[in-house]
Structure formats: C-alpha cells, structure tokens
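Here the structure is laid out as structure tokens; the discussion comes afterwards.
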Amino acid sequence: MQIFRLFFSFFLLFVLFSCEKEVANEQDAGNLSDGITDEIKNGALTVAQAMKIEPGYRITVKGYIVAAAESSIKNADFRRPFAGKTAILLADKPYVEEEHELDDFMPISLSDAAKGISTSLNLQDNPDNWNSFVYIHGIRKSYLSAPGIKEVDQFWIDPDHKPEPSEPTVAPDDPDDPEDPDNPDNPNIGGEDDDVLTVAQAITADSEEYIWVRGYIVGTTTKNLKNTKFDGILENFTAIVLADEPGTTDKKLLFPVGIDKPSRETLAKYGDNLISKRVKVYGQKPIEGYMYQPGIKNALQVVILP
C-alpha cells in the first residue's frame, strides 16, 4: 500500500508540472498593434538607452526591425531575401547602409520567445516587417556578443509610427544649441512636465522604476557623497548631485546621479558654472540605492534646462 501511495504521489507531481509547462507555452504573444497604449509608448526605451540597462531587468525597447540574424550580428541580412528565424536586429532609425555601424544594433532573440512571436516577427517569413517600428518586451541580456533582449513575451508593431526628426549635435555653449538656456526656442526635450519628479518625490519614489527627475546640480562626486564638491566641479567626477534648491548640502535632500563618459565630457565644458544648472535626468532607481541612498546609478539621458 505504501509503495502504491508513493507511486501515486509521483504520478500527480508529474501531471501537475507537465500541465503547468504546457499552459505557459500556450500563452499568446502581444498583438501586432491592437495592444499599444500610451503607457507602453511612454515607458519604452530607445535602443541606445536599452543597451545601457544592466542585464537581468525586464524592459520594453522600441525601434526599427532592420535585419535578420542567426549566429552573429556580422552575418546579419539587411536586404531581401532574409535568412534566419532565430533573431532580428533593432535600431533607433530605419536602416540606411552608410548611416549605420554594428554598435547601433540590438539583437532580439526569437528562439526563446513566447509562442507565436518568432512566427510573427522573423524576417525570413515576414519580409514586410523590415524597417517596421516595433515595441518589444523581454529580459535585457547579452546575446550574440552584444547587449540584447531574450525571452520576449510581448510585442507590438506600430504601423502608424512616424520617424522623429533628429536633433542637431552641438557644443553646450553654441548659441543654436536646442538645450542652451539662452536659446529662446529651447524645446522641452524628453518627458512631459506631468511625468517629471522633483528631487523630494524621486527620493520617495518606488525603486526599480524608470523616472524623470528635475533639479539643480549642487555638486559633483565620485564613489560616495562624502567626496562631493559643492563649490565647483570635481576632476574626473562620475556623478552629479541634484537637489530641489541651489546651494543645498543636507545629505537627506540630495539625489546622486551617475553619468557616462560622453555625458561627463559634455557637462564638464561648463566648468564651475555647472553648479546651480537646472537639469532633467532619466534613469532607473535601483532597489539597493546609489552611493548608499536613493539615486540613479546610470543616467540614460541628461538635459540642461532653462
């Protein structure tokens, strides 16, 4: 009797696990366009931004399907006939050969995607998807030796998307700089005002969220807030320190923001005049904090405001 009960218990466990796996595989992928919402669009990252996200996070990335790929980005097919069903490449702009480099592309794995996604997205079976604008939700991981997306569980193709005009790249002291506070035509770049948090709001905001934060640069630092220089910029600084009011030094009111080398080089051109500049930054607020308190570890965008 005991042997029978033991056998029966194993049989039940086998059935339960088999059913769970089968149900998971039967989940439908996101619709081609019906499921797009403003929330999805506003929360999606560009390819350039998504590449900076640390591996392991579930994100939504947006971009153009520009190529089919299999074993390597270098062997990708950018023109018909496309070969390969296991991956596609995304870019921030439609494919034009002379305007793209390999570093512009983010590989998207289709081999481990939810049911129906590979069939709907791969370019070998769907060549008309080439240069279509798509939103893809999955896990940020290394793939094909590059920052990529794996385990895709939803996607939305946006047939109505229109490319945005590219912003000019100029020095921060250029009178025609669209981010220059002295330029009367300065646009509101990135993030609507209703979506931008004050420093006080950002400090108490939920962790793991991608947020826009607006405040004044009150100092620069490296490694921790104890090294903050409040009266000018620190040589080789790796982070800016924000507050809601210029001149703030109280640690409880400060919000550190880590920046990459290109952003640091751009901000450093302001010299000591960087202090008290009003900025808007975008990035993720990690659970463990940054410099042992609420902050953004890797800013994806830094915008000087008037």
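Note on naming: chains are A, B, ... as they come in the structure tokens, residues start from 1 per chain, ligands start from 1 in the order shown.
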
Exercise: A:Lys93 partners within 10 Å, only C-alpha atoms, chain neighbours under 3 positions left out, as an MDAnalysis selection string: chainID A and resid 46:47 63:66 90 96 99:100 104:105 131 133 163:164 166

DSSP strand (DSSP E or B) residues within stretch 46-291 of chain A, as number ranges by chain: A: 58-69, 77, 87-91, 106-109, 133-143, 146-157, 196-197, 210-221, 229, 239-243, 255-258, 278-284, 290

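In this model, the gap between atom CA of A:Lys223 and atom CA of A:Glu54 comes to 18.6 Å.
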
All residues 12 Å or closer to A:Asn227, only C-alpha atoms, same chain fewer than 6 positions away omitted, as a PyMOL selection string: chain A and resi 219-221+233-235+237-241+251+256+291

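Counting only C-alpha atoms, the residue from A:Leu305, A:Ile53, A:Leu267, A:Ala83 that sits nearest to A:Lys285 is A:Ile53.
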
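Between atom CA of A:Ile149 and atom CA of A:Ser207 there is a distance of 21.9 Å.
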
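Across the model, the gap from atom CA of A:Pro94 to atom CA of A:His161 is 11.6 Å.
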
Selection: 10 Å around A:Ile108, only C-alpha atoms, excl. self and same-chain fewer than 4 positions, as a PyMOL selection string: chain A and resi 65+68-69+86-90+112-113+136+138-144+147-152

A:Phe230 environment, 12 Å, only C-alpha atoms, sequence neighbours closer than 5 positions dropped, as a ChimeraX atom specification: /A:216-221,225,240-243,246-251,254,272-276

Residues near A:Tyr135, cut-off 9 Å, only C-alpha atoms, skip fewer than 3 positions along chain, as an NGL selection string: :A and (36 or 40-41 or 44 or 60-64 or 154-158)
